[in-house]
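Input: a single structure, listed below in structure tokens.
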Amino acid sequence: MGLTLLIGAVGAAVARAVSFPGGVFTGAMLVTAAAGLLNAPLQNPPGWLRSSARIVLGLTVGATVTAETVSVVADALLPVAIMVVCMVLMGLGMAWGLQRFTRMSLATSLCGASPGALAAMVALADDLGGDPPVVASMHLVRLISVLLFMPAFVTAAFATGAAAPASAVATAAAPDLLPLRLAALVALGLGVGYVAIRLRMPAAEILSGLVVAAVLNPALLHVPDLPGWWRVFAQWIVGAGVGTMVTRETLRNFRPYALAGGAMTLGVIAIGLGLGWALAQVTSIDLVTAIMGCSPGGADTLIILAGELGADQQLVAAMHVSRLVILMLLLPIITRIATARLAPQKAAGAVH
């Protein structure tokens, strides 16, 4: 684990020094992935550290929520909901294509094609009797493709720099009490987050940190600014964790479905760009935020990139988290209904 974090820190520092698109997160991910493919003895950071980093990420996003943010989300609620539903339907269509043309199992194709978080979809595939390694490889290839393409595309197309996180509350807190307030905010976020994880809530880490900072900080703690190193810490740990998933075994699992998976990756990126453009046309949401909100990929990684590219992290988080919640509720129902209907057909075919 120590070597993983050290290599990730080197990548993060280099990326930050040269202003690489995607910043600390992308640097930590790429250098760690390269070291893993070169057979460096890397280990994924322990679960408690990865969960803590995601909770801290949620805190940094939630702390920037303002009345203006809530107003923008409320004004765009219907178009955003439509786009979320479109992304879910897109994933279902891709799953149908994979199942039909590659003979992949239904549970594997549904979880592999869904625009949801990697870890959540792998766990769901295991619960539904799918093939978790194949689902993981499909999501990972798509995730890496999105994370490499989006920063370069947005930087080249819009020439937008990373936005400095907004101050959470314009209140002058007493300097001597500020460390205690920050400690209380972290303790509340971690406490709520780990309870949410035990209850197996979708997007538990990100959502709990975001809610705690957005609701409890203005009401109770009044922390004026969160330290910048919190955001760097979250990006470093999450980036290094994603990088360790890129292994030769992952590539071998993906190889039988490389053609279909590659086509699916290109398709979902193109559809995400189209949906983002349409969302920006019918709402007051800026184009970069709309594109990041409609991009397929994990909520934590896209939220990080949204902040680095100057997008509205709260709105991006809302779109990704709501999509994940819908998928976690919908996919088990679809899988069970479809499996129940296909079972008699398979039995009849076997008898014939």
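Ligands are numbered from 1 in the order shown, residues from 1 within each chain, and chains are lettered A, B, ... in the order they appear in the structure tokens.
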
List every residue of region 52-295 of chain A that DSSP, applied to the backbone of this structure, assigns to helix (DSSP H, G or I), and report them as a PyMOL selection string. chain A and resi 52-62+67-75+77-102+106-113+118-127+132-158+175-198+204-221+228-244+248-282+287-294

At a cut-off of 7 Å, using only C-alpha atoms, what residues contact region 269-282 of chain A? Leave out same-chain residues fewer than 5 positions from it and give the result as a VMD selection string. chain A and resid 79 83 287 290 to 291 294 to 296

For Ala187 (chain A), the closest of A:Gly243, A:Asp131, A:Ser52, A:His222 counting only C-alpha atoms is A:Ser52

Just checking: using only C-alpha atoms, which residue out of A:Met104, A:Met94, A:Met121, A:Val141 ends up closest to Pro332 (chain A)? A:Met121

Please provide as a PyMOL selection string all residues within 6 Å of region 297-304 of chain A, with the sequence filter that same-chain residues fewer than 6 positions apart are discarded (counting only C-alpha atoms). chain A and resi 117+143+313+317+320

Save out the residues we just selected, C-alpha atoms, as a JSON list (two decimals), in the first residue's frame.
[["chain", "number", "residue", "atom", "x", "y", "z"],
["A", 117, "ALA", "CA", -20.08, 3.52, -10.59],
["A", 143, "LEU", "CA", -13.79, 4.86, -17.17],
["A", 313, "GLN", "CA", -19.54, 20.22, -8.93],
["A", 317, "ALA", "CA", -22.80, 15.34, -8.31],
["A", 320, "HIS", "CA", -24.44, 11.26, -11.19]]

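Those residues that approach Val134 (chain A) to within 9 Å, counting only C-alpha atoms, are Thr108, Gly112, Val122, His139, Thr250, Asn253, Phe254 and Tyr257 of chain A; same-chain residues fewer than 5 positions away are not listed.
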
Looking at A:Met264, A:Ala213, A:Met1, A:Val10, which one is nearest to Ala184 (chain A), with distances taken over only C-alpha atoms?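 For Ala184 (chain A), the nearest of the candidates is A:Ala213.
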
Could you give me, as a PDB file with N, CA and C atoms, in the first residue's frame, the residues within 7 Å of region 195-207 of chain A, counting only C-alpha atoms and dropping anything in the same chain fewer than 5 positions from it?
ATOM      1  N   SER A  51     -12.748   4.919   1.316  1.00  0.00           N
ATOM      2  CA  SER A  51     -14.044   5.466   1.734  1.00  0.00           C
ATOM      3  C   SER A  51     -13.879   6.831   2.381  1.00  0.00           C
ATOM      4  N   ARG A  54     -13.389   9.472  -0.266  1.00  0.00           N
ATOM      5  CA  ARG A  54     -14.632   9.811  -0.961  1.00  0.00           C
ATOM      6  C   ARG A  54     -15.538  10.669  -0.077  1.00  0.00           C
ATOM      7  N   ILE A  55     -15.557  10.385   1.228  1.00  0.00           N
ATOM      8  CA  ILE A  55     -16.355  11.205   2.142  1.00  0.00           C
ATOM      9  C   ILE A  55     -15.804  12.627   2.192  1.00  0.00           C
ATOM     10  N   LEU A  57     -14.142  14.055  -0.161  1.00  0.00           N
ATOM     11  CA  LEU A  57     -14.518  14.661  -1.440  1.00  0.00           C
ATOM     12  C   LEU A  57     -15.943  15.193  -1.385  1.00  0.00           C
ATOM     13  N   GLY A  58     -16.858  14.404  -0.816  1.00  0.00           N
ATOM     14  CA  GLY A  58     -18.242  14.864  -0.668  1.00  0.00           C
ATOM     15  C   GLY A  58     -18.331  16.108   0.200  1.00  0.00           C
ATOM     16  N   ASP A 300     -17.558   9.745  -8.196  1.00  0.00           N
ATOM     17  CA  ASP A 300     -16.428  10.394  -7.526  1.00  0.00           C
ATOM     18  C   ASP A 300     -15.424  10.945  -8.526  1.00  0.00           C
ATOM     19  N   VAL A 321     -25.220  11.042  -8.913  1.00  0.00           N
ATOM     20  CA  VAL A 321     -25.760  10.292  -7.778  1.00  0.00           C
ATOM     21  C   VAL A 321     -27.189   9.839  -8.057  1.00  0.00           C
ATOM     22  N   LEU A 324     -27.121   6.904 -10.385  1.00  0.00           N
ATOM     23  CA  LEU A 324     -26.687   5.681  -9.713  1.00  0.00           C
ATOM     24  C   LEU A 324     -27.806   5.092  -8.861  1.00  0.00           C
ATOM     25  N   VAL A 325     -28.530   5.954  -8.145  1.00  0.00           N
ATOM     26  CA  VAL A 325     -29.636   5.464  -7.312  1.00  0.00           C
ATOM     27  C   VAL A 325     -30.690   4.777  -8.175  1.00  0.00           C
ATOM     28  N   MET A 328     -29.323   1.341  -9.318  1.00  0.00           N
ATOM     29  CA  MET A 328     -29.276   0.351  -8.244  1.00  0.00           C
ATOM     30  C   MET A 328     -30.656  -0.188  -7.896  1.00  0.00           C
TER      31      MET A 328
END

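Closest to Ala136 (chain A) among A:Val223, A:Leu89, A:Ala152, A:Cys111 is A:Cys111, based on only C-alpha atoms.
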
Selected residue, from A:Gly261, A:Gly228, A:Gly209, A:Gly293, that lies nearest to Ala53 (chain A) when counting only C-alpha atoms: A:Gly209

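Between Thr265 (chain A) and the candidates A:Thr64, A:Ser145, A:Ser137, A:Thr4, the tightest atom-to-atom separation, counting only C-alpha atoms, involves A:Ser145.
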
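When CA of Ala263 (chain A) is paired with CA of Trp96 (chain A), their separation reads 13.8 Å.
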
One-decimal distance in Å that lies between CA of Leu59 (chain A) and CA of Ala214 (chain A):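 A separation of 7.9 Å between them.
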